[in-house]
Amino acid sequence: MCLAVPGRIIELTREADLRFGKVEFGGVRRSVCLEHVLDEAEALRELAFLASLGELEDA
Amino acid sequence: VRFLDEYRDAAHARGLVRAIARATTRPWTIMEVCGGQTHTIVQYGLDRLLPPELELLHGPGCPVCVTPLEMVDRAHAIAARPDVMFCSFGDMLRVPGTRGDLLRHKAQGGDIRVVYSPLDAVKLAATIPGKRVVFFAIGFETTAPANAMAVWLARRDRIANFSLLVSHVLAPPAITSILQAPGHRVQAFLGPGHVCAVMGTQDYEPIARRYRVPIVVTGFEPVDLLEGVLRAVRQLEAGTHTVENQYARVVQKAGNAASRKLVDEVFEVCDRSWRGIGTLPASGLRLRPAYRDHDAEHLFEIAAVTAVEPRACISGRILRGENKPTDCAAFGVACTPETPLGATMVSSEGACSAYYLYRGRDA
(Lines give C-alpha, C1' and ligand atoms only; values in the text may rest on other atoms or scores of the structure.)
Protein backbone atom coordinates (compact mmCIF):
# COMPACT_ATOMS: atom_id res chain seq x y z
CA MET A 1 0.00 0.00 0.00
CA CYS A 2 2.80 2.41 0.90
CA LEU A 3 4.52 1.70 -2.40
CA ALA A 4 6.21 4.13 -4.74
CA VAL A 5 6.38 3.21 -8.41
CA PRO A 6 8.51 5.32 -10.74
CA GLY A 7 6.53 6.52 -13.75
CA ARG A 8 7.15 8.78 -16.73
CA ILE A 9 4.70 11.64 -17.34
CA ILE A 10 3.86 11.59 -21.05
CA GLU A 11 1.08 14.12 -21.16
CA LEU A 12 -0.27 16.81 -18.85
CA THR A 13 -4.04 17.05 -18.70
CA ARG A 14 -6.79 18.45 -16.50
CA GLU A 15 -9.60 16.45 -14.97
CA ALA A 16 -12.27 17.75 -12.59
CA ASP A 17 -10.34 21.04 -12.65
CA LEU A 18 -7.30 19.34 -11.15
CA ARG A 19 -3.80 18.76 -12.55
CA PHE A 20 -3.73 15.27 -14.05
CA GLY A 21 -1.36 13.46 -16.40
CA LYS A 22 -0.98 10.34 -18.44
CA VAL A 23 1.79 8.40 -16.70
CA GLU A 24 3.58 5.34 -18.01
CA PHE A 25 4.68 2.66 -15.54
CA GLY A 26 6.91 0.15 -17.35
CA GLY A 27 4.60 0.11 -20.39
CA VAL A 28 1.28 0.45 -18.53
CA ARG A 29 -0.35 3.85 -18.91
CA ARG A 30 -2.87 5.38 -16.58
CA SER A 31 -4.33 8.70 -15.68
CA VAL A 32 -2.85 10.01 -12.43
CA CYS A 33 -3.65 13.04 -10.28
CA LEU A 34 -0.56 15.29 -10.18
CA GLU A 35 -1.93 17.96 -7.81
CA HIS A 36 0.68 17.17 -5.15
CA VAL A 37 3.63 16.69 -7.45
CA LEU A 38 6.54 19.03 -6.73
CA ASP A 39 6.52 22.52 -8.19
CA GLU A 40 8.81 23.28 -11.11
CA ALA A 41 11.87 24.45 -9.14
CA GLU A 42 11.79 21.35 -6.96
CA ALA A 43 11.16 19.16 -9.98
CA LEU A 44 14.19 20.62 -11.74
CA ARG A 45 16.39 19.91 -8.72
CA GLU A 46 15.07 16.36 -8.72
CA LEU A 47 15.71 16.01 -12.46
CA ALA A 48 19.29 17.25 -11.99
CA PHE A 49 19.76 14.58 -9.35
CA LEU A 50 18.30 11.89 -11.61
CA ALA A 51 20.52 13.11 -14.47
CA SER A 52 23.56 12.70 -12.21
CA LEU A 53 22.46 9.11 -11.62
CA GLY A 54 22.18 8.66 -15.40
CA GLU A 55 25.77 9.87 -15.83
CA LEU A 56 26.91 7.35 -13.24
CA GLU A 57 25.06 4.67 -15.13
CA ASP A 58 26.56 5.67 -18.49
CA ALA A 59 30.11 5.97 -17.09
CA VAL B 1 13.56 -0.02 -14.89
CA ARG B 2 15.61 3.16 -14.66
CA PHE B 3 15.82 4.76 -11.20
CA LEU B 4 15.21 1.35 -9.65
CA ASP B 5 18.11 -0.69 -11.04
CA GLU B 6 20.68 1.68 -9.52
CA TYR B 7 19.32 0.77 -6.09
CA ARG B 8 19.41 -2.96 -6.79
CA ASP B 9 23.02 -3.01 -7.94
CA ALA B 10 24.87 -6.03 -6.52
CA ALA B 11 28.34 -4.44 -6.50
CA HIS B 12 27.06 -1.41 -4.62
CA ALA B 13 25.22 -3.67 -2.17
CA ARG B 14 28.34 -5.79 -1.54
CA GLY B 15 30.35 -2.63 -0.84
CA LEU B 16 27.77 -1.56 1.76
CA VAL B 17 27.76 -5.03 3.37
CA ARG B 18 31.55 -4.80 3.78
CA ALA B 19 31.26 -1.29 5.23
CA ILE B 20 28.62 -2.50 7.73
CA ALA B 21 30.89 -5.38 8.81
CA ARG B 22 33.79 -2.97 9.33
CA ALA B 23 31.63 -0.54 11.33
CA THR B 24 30.13 -3.18 13.66
CA THR B 25 32.05 -3.98 16.86
CA ARG B 26 29.18 -5.00 19.19
CA PRO B 27 25.71 -6.58 18.97
CA TRP B 28 22.95 -4.17 17.93
CA THR B 29 19.22 -4.55 17.31
CA ILE B 30 17.60 -2.40 14.63
CA MET B 31 13.91 -2.28 13.69
CA GLU B 32 12.71 -1.46 10.18
CA VAL B 33 9.32 0.21 10.58
CA CYS B 34 7.67 -0.57 7.23
CA GLY B 35 6.30 -3.83 5.89
CA GLY B 36 7.65 -2.89 2.45
CA GLN B 37 11.14 -2.68 3.96
CA THR B 38 10.66 -6.08 5.64
CA HIS B 39 9.76 -7.57 2.27
CA THR B 40 12.89 -6.24 0.57
CA ILE B 41 15.05 -7.49 3.45
CA VAL B 42 13.59 -11.00 3.31
CA GLN B 43 13.27 -11.17 -0.50
CA TYR B 44 16.93 -10.27 -1.05
CA GLY B 45 18.16 -12.05 2.10
CA LEU B 46 19.78 -8.83 3.34
CA ASP B 47 19.56 -9.97 6.99
CA ARG B 48 21.69 -12.99 6.08
CA LEU B 49 24.41 -10.78 4.59
CA LEU B 50 24.83 -8.78 7.79
CA PRO B 51 27.39 -9.60 10.50
CA PRO B 52 25.93 -11.98 13.16
CA GLU B 53 26.06 -9.18 15.77
CA LEU B 54 23.29 -7.31 13.95
CA GLU B 55 19.65 -8.31 14.38
CA LEU B 56 16.81 -6.80 12.38
CA LEU B 57 13.37 -6.69 14.02
CA HIS B 58 10.31 -6.26 11.83
CA GLY B 59 8.08 -3.33 12.75
CA PRO B 60 4.38 -2.41 12.79
CA GLY B 61 4.28 -0.60 9.43
CA CYS B 62 1.91 -2.91 7.58
CA PRO B 63 -1.33 -0.99 6.97
CA VAL B 64 -3.48 -4.03 6.27
CA CYS B 65 -2.08 -5.88 9.31
CA VAL B 66 -2.86 -3.15 11.84
CA THR B 67 -6.42 -2.48 10.61
CA PRO B 68 -8.60 -3.84 13.44
CA LEU B 69 -10.78 -6.88 12.83
CA GLU B 70 -13.70 -4.74 13.94
CA MET B 71 -13.11 -2.36 11.02
CA VAL B 72 -12.95 -5.31 8.61
CA ASP B 73 -16.31 -6.53 9.97
CA ARG B 74 -17.76 -3.02 9.60
CA ALA B 75 -16.58 -2.98 5.99
CA HIS B 76 -18.35 -6.31 5.47
CA ALA B 77 -21.56 -4.98 7.06
CA ILE B 78 -21.57 -2.01 4.68
CA ALA B 79 -20.57 -4.09 1.63
CA ALA B 80 -23.43 -6.51 2.31
CA ARG B 81 -26.05 -3.81 1.66
CA PRO B 82 -27.68 -4.09 -1.78
CA ASP B 83 -27.51 -0.33 -2.41
CA VAL B 84 -23.73 -0.19 -1.81
CA MET B 85 -20.79 -0.50 -4.18
CA PHE B 86 -17.79 -1.14 -1.93
CA CYS B 87 -14.39 -0.09 -3.28
CA SER B 88 -10.98 -0.98 -1.87
CA PHE B 89 -7.37 -1.66 -2.74
CA GLY B 90 -7.03 -5.35 -3.55
CA ASP B 91 -5.04 -6.52 -0.52
CA MET B 92 -7.81 -5.54 1.90
CA LEU B 93 -10.27 -7.91 0.20
CA ARG B 94 -8.44 -11.04 1.35
CA VAL B 95 -8.29 -10.12 5.04
CA PRO B 96 -10.48 -12.59 6.94
CA GLY B 97 -13.21 -10.95 8.99
CA THR B 98 -15.27 -12.75 11.60
CA ARG B 99 -17.43 -14.16 8.77
CA GLY B 100 -15.28 -14.68 5.66
CA ASP B 101 -13.49 -12.10 3.54
CA LEU B 102 -14.71 -9.48 1.07
CA LEU B 103 -13.68 -11.64 -1.90
CA ARG B 104 -16.21 -14.22 -0.74
CA HIS B 105 -18.86 -11.50 -0.49
CA LYS B 106 -17.96 -10.62 -4.08
CA ALA B 107 -18.22 -14.23 -5.19
CA GLN B 108 -21.68 -14.35 -3.62
CA GLY B 109 -22.78 -11.40 -5.74
CA GLY B 110 -21.76 -8.42 -3.61
CA ASP B 111 -20.82 -5.30 -5.59
CA ILE B 112 -17.19 -5.05 -4.52
CA ARG B 113 -14.64 -3.33 -6.73
CA VAL B 114 -10.86 -3.24 -6.64
CA VAL B 115 -9.58 0.23 -7.53
CA TYR B 116 -6.04 1.54 -7.94
CA SER B 117 -6.87 5.00 -6.66
CA PRO B 118 -9.64 6.39 -4.43
CA LEU B 119 -10.26 8.89 -7.23
CA ASP B 120 -11.42 5.96 -9.37
CA ALA B 121 -14.09 5.32 -6.73
CA VAL B 122 -15.20 8.98 -6.89
CA LYS B 123 -15.50 8.58 -10.66
CA LEU B 124 -17.65 5.47 -10.19
CA ALA B 125 -19.90 7.39 -7.79
CA ALA B 126 -20.30 10.23 -10.29
CA THR B 127 -21.22 7.85 -13.14
CA ILE B 128 -23.50 5.52 -11.12
CA PRO B 129 -25.63 7.84 -8.94
CA GLY B 130 -27.98 4.98 -8.01
CA LYS B 131 -25.28 3.30 -5.88
CA ARG B 132 -23.79 4.44 -2.60
CA VAL B 133 -20.06 4.15 -3.28
CA VAL B 134 -17.90 3.56 -0.20
CA PHE B 135 -14.08 3.53 -0.32
CA PHE B 136 -12.15 1.75 2.46
CA ALA B 137 -9.62 4.41 3.47
CA ILE B 138 -6.95 2.60 5.45
CA GLY B 139 -3.21 3.00 5.81
CA PHE B 140 -0.55 5.26 7.24
CA GLU B 141 0.19 8.89 6.34
CA THR B 142 1.25 7.66 2.87
CA THR B 143 -2.26 6.89 1.66
CA ALA B 144 -3.93 9.81 3.47
CA PRO B 145 -3.36 12.51 0.79
CA ALA B 146 -5.04 10.49 -1.99
CA ASN B 147 -7.95 9.62 0.30
CA ALA B 148 -8.21 13.26 1.39
CA MET B 149 -8.23 14.35 -2.26
CA ALA B 150 -11.04 11.92 -3.10
CA VAL B 151 -13.38 13.08 -0.34
CA TRP B 152 -12.44 16.73 -0.87
CA LEU B 153 -13.37 16.38 -4.54
CA ALA B 154 -16.64 14.58 -3.73
CA ARG B 155 -17.63 17.40 -1.36
CA ARG B 156 -16.61 20.15 -3.79
CA ASP B 157 -18.53 18.56 -6.68
CA ARG B 158 -21.47 17.51 -4.47
CA ILE B 159 -21.10 13.82 -5.27
CA ALA B 160 -23.40 12.89 -2.40
CA ASN B 161 -23.25 9.13 -2.97
CA PHE B 162 -19.50 8.90 -2.22
CA SER B 163 -18.17 8.21 1.27
CA LEU B 164 -15.03 6.98 3.03
CA LEU B 165 -14.82 4.29 5.69
CA VAL B 166 -11.76 5.66 7.48
CA SER B 167 -9.27 3.63 9.51
CA HIS B 168 -6.11 5.73 9.13
CA VAL B 169 -3.14 5.33 11.46
CA LEU B 170 -0.03 7.41 12.16
CA ALA B 171 3.54 6.11 12.36
CA PRO B 172 5.11 8.19 15.19
CA PRO B 173 2.68 7.00 17.94
CA ALA B 174 3.38 3.36 16.98
CA ILE B 175 7.14 3.92 17.22
CA THR B 176 6.67 5.65 20.58
CA SER B 177 4.53 2.80 21.92
CA ILE B 178 7.25 0.27 21.01
CA LEU B 179 9.84 2.39 22.84
CA GLN B 180 7.59 2.66 25.91
CA ALA B 181 6.97 -1.10 26.14
CA PRO B 182 8.87 -2.58 29.10
CA GLY B 183 11.76 -4.77 27.97
CA HIS B 184 11.71 -3.64 24.35
CA ARG B 185 14.91 -4.44 22.44
CA VAL B 186 14.97 -1.79 19.71
CA GLN B 187 18.17 0.29 19.70
CA ALA B 188 17.68 2.09 16.36
CA PHE B 189 14.97 2.50 13.73
CA LEU B 190 14.98 2.50 9.95
CA GLY B 191 12.25 5.13 9.59
CA PRO B 192 9.25 4.94 7.23
CA GLY B 193 10.44 6.49 3.95
CA HIS B 194 7.14 7.03 2.21
CA VAL B 195 5.33 8.25 5.33
CA CYS B 196 8.10 10.87 5.65
CA ALA B 197 7.78 11.78 1.95
CA VAL B 198 4.32 13.10 2.89
CA MET B 199 4.81 14.33 6.46
CA GLY B 200 8.52 15.19 6.60
CA THR B 201 10.99 14.13 9.26
CA GLN B 202 10.44 16.68 12.04
CA ASP B 203 8.04 14.55 14.10
CA TYR B 204 10.82 11.99 14.60
CA GLU B 205 13.31 14.41 16.15
CA PRO B 206 11.66 14.60 19.61
CA ILE B 207 11.39 10.77 19.62
CA ALA B 208 15.09 10.34 18.79
CA ARG B 209 16.05 12.83 21.53
CA ARG B 210 13.68 11.61 24.23
CA TYR B 211 14.43 7.90 23.83
CA ARG B 212 18.06 8.40 22.74
CA VAL B 213 17.47 6.25 19.68
CA PRO B 214 18.91 6.86 16.18
CA ILE B 215 16.22 7.06 13.45
CA VAL B 216 17.41 6.75 9.86
CA VAL B 217 14.59 7.53 7.40
CA THR B 218 15.14 4.83 4.79
CA GLY B 219 13.95 3.80 1.32
CA PHE B 220 12.72 0.45 0.07
CA GLU B 221 15.31 -0.92 -2.36
CA PRO B 222 18.15 -3.24 -1.21
CA VAL B 223 20.82 -0.52 -1.49
CA ASP B 224 18.59 1.89 0.45
CA LEU B 225 18.14 -0.59 3.29
CA LEU B 226 21.82 -1.51 3.53
CA GLU B 227 22.75 2.18 3.57
CA GLY B 228 20.10 2.74 6.29
CA VAL B 229 21.61 -0.08 8.37
CA LEU B 230 25.13 1.32 7.88
CA ARG B 231 24.06 4.78 9.03
CA ALA B 232 22.20 3.33 12.03
CA VAL B 233 25.23 1.19 13.04
CA ARG B 234 27.58 4.17 12.74
CA GLN B 235 25.30 6.17 15.08
CA LEU B 236 25.01 3.28 17.54
CA GLU B 237 28.77 2.75 17.60
CA ALA B 238 29.36 6.49 18.07
CA GLY B 239 26.65 6.80 20.75
CA THR B 240 24.67 9.46 18.84
CA HIS B 241 20.90 9.56 18.35
CA THR B 242 19.79 11.89 15.60
CA VAL B 243 17.31 11.70 12.73
CA GLU B 244 19.09 11.05 9.43
CA ASN B 245 17.59 10.98 5.97
CA GLN B 246 18.93 8.15 3.77
CA TYR B 247 16.04 8.59 1.31
CA ALA B 248 16.81 12.17 0.24
CA ARG B 249 15.81 11.49 -3.36
CA VAL B 250 12.20 11.20 -2.18
CA VAL B 251 11.98 12.68 1.35
CA GLN B 252 12.33 16.35 2.20
CA LYS B 253 12.57 17.56 5.78
CA ALA B 254 9.25 19.42 5.60
CA GLY B 255 7.48 16.68 3.63
CA ASN B 256 5.05 17.52 0.84
CA ALA B 257 3.43 20.87 1.70
CA ALA B 258 0.39 20.45 -0.59
CA SER B 259 -0.35 16.98 0.77
CA ARG B 260 0.01 18.03 4.39
CA LYS B 261 -2.31 21.00 3.86
CA LEU B 262 -5.05 18.88 2.31
CA VAL B 263 -4.72 16.08 4.88
CA ASP B 264 -5.06 18.67 7.64
CA GLU B 265 -8.08 20.25 5.96
CA VAL B 266 -9.94 16.94 5.64
CA PHE B 267 -8.78 14.84 8.62
CA GLU B 268 -8.28 15.37 12.35
CA VAL B 269 -6.22 13.32 14.79
CA CYS B 270 -8.09 10.75 16.89
CA ASP B 271 -7.43 7.72 19.10
CA ARG B 272 -7.22 4.49 17.10
CA SER B 273 -7.28 0.84 17.89
CA TRP B 274 -4.42 -1.09 16.24
CA ARG B 275 -4.75 -4.76 15.49
CA GLY B 276 -2.31 -6.67 17.68
CA ILE B 277 -1.24 -3.56 19.57
CA GLY B 278 -4.40 -2.10 21.13
CA THR B 279 -5.71 1.45 21.38
CA LEU B 280 -3.11 4.19 21.17
CA PRO B 281 -4.03 7.79 21.99
CA ALA B 282 -3.85 10.31 19.12
CA SER B 283 -2.60 7.60 16.78
CA GLY B 284 -4.96 7.93 13.82
CA LEU B 285 -7.00 10.17 11.57
CA ARG B 286 -10.76 10.58 11.14
CA LEU B 287 -12.80 12.88 8.91
CA ARG B 288 -13.47 16.37 10.23
CA PRO B 289 -17.12 17.22 11.03
CA ALA B 290 -17.38 19.24 7.79
CA TYR B 291 -17.09 15.90 5.94
CA ARG B 292 -19.81 14.17 7.96
CA ASP B 293 -22.00 13.65 4.88
CA HIS B 294 -19.16 11.64 3.31
CA ASP B 295 -18.26 9.67 6.45
CA ALA B 296 -19.45 6.05 6.14
CA GLU B 297 -19.25 5.55 9.92
CA HIS B 298 -21.85 8.29 10.26
CA LEU B 299 -23.97 7.30 7.23
CA PHE B 300 -24.25 3.58 7.97
CA GLU B 301 -25.08 2.54 11.50
CA ILE B 302 -22.12 0.28 12.18
CA ALA B 303 -20.91 1.37 15.62
CA ALA B 304 -22.55 -1.73 17.09
CA VAL B 305 -20.38 -4.05 14.97
CA THR B 306 -17.60 -5.28 17.26
CA ALA B 307 -15.26 -8.26 16.95
CA VAL B 308 -13.08 -10.50 19.09
CA GLU B 309 -9.61 -11.45 17.85
CA PRO B 310 -8.79 -15.15 17.37
CA ARG B 311 -6.32 -16.40 19.99
CA ALA B 312 -4.11 -18.74 17.98
CA CYS B 313 -2.33 -15.98 16.08
CA ILE B 314 0.73 -14.15 17.46
CA SER B 315 0.64 -11.38 14.84
CA GLY B 316 0.39 -8.75 17.59
CA ARG B 317 3.74 -9.82 19.03
CA ILE B 318 5.19 -9.90 15.52
CA LEU B 319 3.95 -6.36 14.78
CA ARG B 320 5.64 -5.15 17.99
CA GLY B 321 8.93 -6.85 17.04
CA GLU B 322 8.71 -9.22 20.04
CA ASN B 323 8.56 -12.36 17.90
CA LYS B 324 9.64 -13.51 14.45
CA PRO B 325 7.18 -15.39 12.19
CA THR B 326 9.18 -18.58 12.70
CA ASP B 327 8.46 -18.46 16.46
CA CYS B 328 4.83 -19.37 15.69
CA ALA B 329 3.80 -23.04 15.73
CA ALA B 330 1.11 -22.36 13.13
CA PHE B 331 3.52 -20.69 10.66
CA GLY B 332 3.55 -22.52 7.33
CA VAL B 333 1.40 -25.33 8.76
CA ALA B 334 -2.07 -24.15 9.82
CA CYS B 335 -1.30 -20.63 8.62
CA THR B 336 -0.28 -19.91 5.00
CA PRO B 337 -1.10 -17.05 2.59
CA GLU B 338 -3.92 -19.25 1.19
CA THR B 339 -5.39 -19.96 4.63
CA PRO B 340 -4.17 -17.11 6.84
CA LEU B 341 -4.93 -17.07 10.57
CA GLY B 342 -3.91 -13.46 10.95
CA ALA B 343 -3.18 -10.25 9.15
CA THR B 344 0.62 -10.55 9.03
CA MET B 345 0.16 -13.60 6.79
CA VAL B 346 -2.57 -12.01 4.63
CA SER B 347 -1.02 -8.78 3.58
CA SER B 348 1.67 -8.52 0.93
CA GLU B 349 3.39 -6.21 3.44
CA GLY B 350 3.13 -8.58 6.41
CA ALA B 351 6.26 -10.15 7.92
CA CYS B 352 4.77 -13.69 7.96
CA SER B 353 3.88 -13.56 4.27
CA ALA B 354 7.40 -12.30 3.46
CA TYR B 355 8.98 -15.23 5.34
CA TYR B 356 6.61 -17.72 3.72
CA LEU B 357 6.95 -16.32 0.17
CA TYR B 358 10.72 -16.03 0.12
CA ARG B 359 11.90 -18.69 2.59
CA GLY B 360 9.13 -21.25 2.53
CA ARG B 361 7.78 -23.36 5.33
CA ASP B 362 11.23 -24.02 6.79
CA ALA B 363 12.12 -20.32 7.06
# chains A, B, ... in the order shown; residues from 1 in each chain; ligands from 1
>>> closest_atom_pairs(of="chain B", to="chain A", cutoff="9 Å", atoms="only C-alpha atoms", output="CSV")
residue,atom,partner,partner_atom,distance
B:Val1,CA,A:Gly26,CA,7.1
B:Arg2,CA,A:Pro6,CA,8.4
B:Phe3,CA,A:Pro6,CA,7.3
B:Leu4,CA,A:Pro6,CA,7.9
B:Glu6,CA,A:Glu57,CA,7.7
B:Cys34,CA,A:Cys2,CA,8.5
B:Gly35,CA,A:Cys2,CA,8.7
B:Gly36,CA,A:Cys2,CA,7.4
B:Cys62,CA,A:Met1,CA,8.3
B:Pro63,CA,A:Met1,CA,7.2
B:Val64,CA,A:Met1,CA,8.2
B:Phe89,CA,A:Met1,CA,8.0
B:Asp91,CA,A:Met1,CA,8.3
B:Ser117,CA,A:Val32,CA,8.6
B:Leu119,CA,A:Cys33,CA,8.4
B:Gly139,CA,A:Met1,CA,7.3
B:Phe140,CA,A:Cys2,CA,7.7
B:Glu141,CA,A:Cys2,CA,8.8
B:Thr142,CA,A:Cys2,CA,5.8
B:Thr143,CA,A:Cys2,CA,6.8
B:Pro145,CA,A:His36,CA,8.6
B:Ala146,CA,A:Cys33,CA,8.8
B:Leu153,CA,A:Ala16,CA,8.2
B:Asp157,CA,A:Ala16,CA,8.6
B:His194,CA,A:Cys2,CA,6.5
B:Val195,CA,A:Cys2,CA,7.8
B:Phe220,CA,A:Leu3,CA,8.7
B:Arg249,CA,A:Glu46,CA,7.3
B:Val250,CA,A:Glu46,CA,8.8
B:Asn256,CA,A:His36,CA,7.4
B:Ala257,CA,A:His36,CA,8.3
B:Ala258,CA,A:His36,CA,5.6
B:Ser259,CA,A:His36,CA,6.0
B:Ser348,CA,A:Met1,CA,8.7
B:Glu349,CA,A:Met1,CA,7.9
>>> residues_around(residues="Ile138 in chain B", least_positions_apart="5", cutoff="7 Å", atoms="only C-alpha atoms", output="list in words")
Pro63, Val166, Ser167 and His168 of chain B
>>> write_last_selection(atoms="N, CA, C and O atoms", output="short mmCIF file (atom, residue, chain, number, x, y, z; two decimals), in the first residue's frame")
data_model
loop_
_atom_site.label_atom_id
_atom_site.label_comp_id
_atom_site.auth_asym_id
_atom_site.auth_seq_id
_atom_site.Cartn_x
_atom_site.Cartn_y
_atom_site.Cartn_z
N PRO B 63 0.00 -1.60 6.79
CA PRO B 63 -1.33 -0.99 6.97
C PRO B 63 -2.47 -1.99 7.05
O PRO B 63 -3.39 -1.82 7.87
N VAL B 166 -13.13 5.27 7.14
CA VAL B 166 -11.76 5.66 7.48
C VAL B 166 -11.20 4.84 8.63
O VAL B 166 -11.84 4.71 9.68
N SER B 167 -10.00 4.29 8.42
CA SER B 167 -9.27 3.63 9.51
C SER B 167 -7.78 3.97 9.36
O SER B 167 -6.94 3.09 9.23
N HIS B 168 -7.49 5.27 9.35
CA HIS B 168 -6.11 5.73 9.13
C HIS B 168 -5.31 5.68 10.43
O HIS B 168 -5.84 5.99 11.50
#
>>> closest_residue(among="B:Met199, B:Ile277, B:Ala11, B:Ala150", to="Ala254 in chain B", atoms="only C-alpha atoms")
B:Met199
>>> residues_around(residues="Gly276 in chain B", least_positions_apart="5", cutoff="9 Å", atoms="only C-alpha atoms", output="list in words")
Cys65, Val66, Pro68, Glu309, Ile314, Ser315, Gly316, Arg317, Ile318, Leu319 and Arg320 of chain B
>>> write_last_selection(atoms="N, CA and C atoms", output="PDB file, in the first residue's frame")
ATOM      1  N   CYS B  65      -2.226  -5.096   8.076  1.00  0.00           N
ATOM      2  CA  CYS B  65      -2.081  -5.880   9.312  1.00  0.00           C
ATOM      3  C   CYS B  65      -2.653  -5.168  10.525  1.00  0.00           C
ATOM      4  N   VAL B  66      -2.481  -3.844  10.615  1.00  0.00           N
ATOM      5  CA  VAL B  66      -2.864  -3.148  11.844  1.00  0.00           C
ATOM      6  C   VAL B  66      -4.313  -2.672  11.804  1.00  0.00           C
ATOM      7  N   PRO B  68      -7.947  -2.935  12.491  1.00  0.00           N
ATOM      8  CA  PRO B  68      -8.604  -3.837  13.438  1.00  0.00           C
ATOM      9  C   PRO B  68      -9.647  -4.731  12.773  1.00  0.00           C
ATOM     10  N   GLU B 309     -10.737 -10.875  18.590  1.00  0.00           N
ATOM     11  CA  GLU B 309      -9.610 -11.451  17.850  1.00  0.00           C
ATOM     12  C   GLU B 309      -9.435 -12.947  18.135  1.00  0.00           C
ATOM     13  N   ILE B 314      -0.153 -15.017  16.678  1.00  0.00           N
ATOM     14  CA  ILE B 314       0.733 -14.148  17.458  1.00  0.00           C
ATOM     15  C   ILE B 314       1.106 -12.886  16.679  1.00  0.00           C
ATOM     16  N   SER B 315       0.249 -12.510  15.702  1.00  0.00           N
ATOM     17  CA  SER B 315       0.635 -11.382  14.842  1.00  0.00           C
ATOM     18  C   SER B 315       0.861 -10.091  15.635  1.00  0.00           C
ATOM     19  N   GLY B 316       0.174  -9.932  16.766  1.00  0.00           N
ATOM     20  CA  GLY B 316       0.392  -8.748  17.588  1.00  0.00           C
ATOM     21  C   GLY B 316       1.828  -8.669  18.082  1.00  0.00           C
ATOM     22  N   ARG B 317       2.351  -9.806  18.547  1.00  0.00           N
ATOM     23  CA  ARG B 317       3.740  -9.824  19.026  1.00  0.00           C
ATOM     24  C   ARG B 317       4.712  -9.614  17.869  1.00  0.00           C
ATOM     25  N   ILE B 318       4.328 -10.095  16.688  1.00  0.00           N
ATOM     26  CA  ILE B 318       5.187  -9.904  15.515  1.00  0.00           C
ATOM     27  C   ILE B 318       5.205  -8.431  15.105  1.00  0.00           C
ATOM     28  N   LEU B 319       4.029  -7.786  15.147  1.00  0.00           N
ATOM     29  CA  LEU B 319       3.952  -6.364  14.781  1.00  0.00           C
ATOM     30  C   LEU B 319       4.741  -5.489  15.751  1.00  0.00           C
ATOM     31  N   ARG B 320       4.884  -5.932  17.006  1.00  0.00           N
ATOM     32  CA  ARG B 320       5.641  -5.155  17.990  1.00  0.00           C
ATOM     33  C   ARG B 320       7.123  -5.526  17.982  1.00  0.00           C
TER      34      ARG B 320
END
>>> residues_around(residues="Thr306 in chain B", least_positions_apart="4", cutoff="9 Å", atoms="only C-alpha atoms", output="JSON, numbers by chain")
{"B": [69, 70, 71, 73, 74, 302]}
>>> write_last_selection(atoms="all heavy atoms", output="short mmCIF file (atom, residue, chain, number, x, y, z; two decimals), in the first residue's frame")
data_model
loop_
_atom_site.label_atom_id
_atom_site.label_comp_id
_atom_site.auth_asym_id
_atom_site.auth_seq_id
_atom_site.Cartn_x
_atom_site.Cartn_y
_atom_site.Cartn_z
N LEU B 69 -9.79 -5.92 13.31
CA LEU B 69 -10.78 -6.88 12.83
C LEU B 69 -12.17 -6.24 12.80
O LEU B 69 -12.96 -6.46 11.89
CB LEU B 69 -10.77 -8.11 13.75
CG LEU B 69 -11.66 -9.28 13.35
CD1 LEU B 69 -11.31 -9.78 11.96
CD2 LEU B 69 -11.54 -10.41 14.36
N GLU B 70 -12.43 -5.43 13.83
CA GLU B 70 -13.70 -4.74 13.94
C GLU B 70 -13.99 -3.88 12.70
O GLU B 70 -15.11 -3.85 12.19
CB GLU B 70 -13.59 -3.83 15.16
CG GLU B 70 -14.82 -3.19 15.64
CD GLU B 70 -14.55 -2.63 17.04
OE1 GLU B 70 -14.64 -3.42 18.00
OE2 GLU B 70 -14.21 -1.44 17.16
N MET B 71 -12.95 -3.20 12.21
CA MET B 71 -13.11 -2.36 11.02
C MET B 71 -13.39 -3.23 9.79
O MET B 71 -14.17 -2.85 8.91
CB MET B 71 -11.84 -1.55 10.77
CG MET B 71 -11.91 -0.15 11.27
SD MET B 71 -13.36 0.71 10.67
CE MET B 71 -13.29 2.22 11.54
N ASP B 73 -14.91 -6.10 9.84
CA ASP B 73 -16.31 -6.53 9.97
C ASP B 73 -17.28 -5.40 9.60
O ASP B 73 -18.33 -5.63 9.02
CB ASP B 73 -16.58 -7.03 11.39
CG ASP B 73 -16.06 -8.45 11.61
OD1 ASP B 73 -15.56 -9.04 10.63
OD2 ASP B 73 -16.13 -8.96 12.74
N ARG B 74 -16.90 -4.16 9.96
CA ARG B 74 -17.76 -3.02 9.60
C ARG B 74 -17.79 -2.84 8.09
O ARG B 74 -18.83 -2.55 7.50
CB ARG B 74 -17.27 -1.74 10.28
CG ARG B 74 -17.55 -1.76 11.76
CD ARG B 74 -17.00 -0.55 12.49
NE ARG B 74 -17.32 -0.68 13.92
CZ ARG B 74 -17.03 0.23 14.83
NH1 ARG B 74 -16.41 1.34 14.49
NH2 ARG B 74 -17.36 0.04 16.09
N ILE B 302 -22.99 1.45 12.02
CA ILE B 302 -22.12 0.28 12.18
C ILE B 302 -21.39 0.28 13.51
O ILE B 302 -20.61 -0.62 13.78
CB ILE B 302 -21.07 0.22 11.04
CG1 ILE B 302 -20.41 1.59 10.87
CG2 ILE B 302 -21.69 -0.27 9.75
CD1 ILE B 302 -19.22 1.57 9.96
#
>>> atom_distance(atom1="CA of Glu297 in chain B", atom2="CA of Ser273 in chain B")
15.1 Å
>>> select_by_dssp(residues="range 320-360 of chain B", states="alpha helix (DSSP H)", output="JSON, numbers by chain")
{"B": [343, 344, 345, 346, 351, 352, 353, 354, 355, 356, 357, 358, 359]}
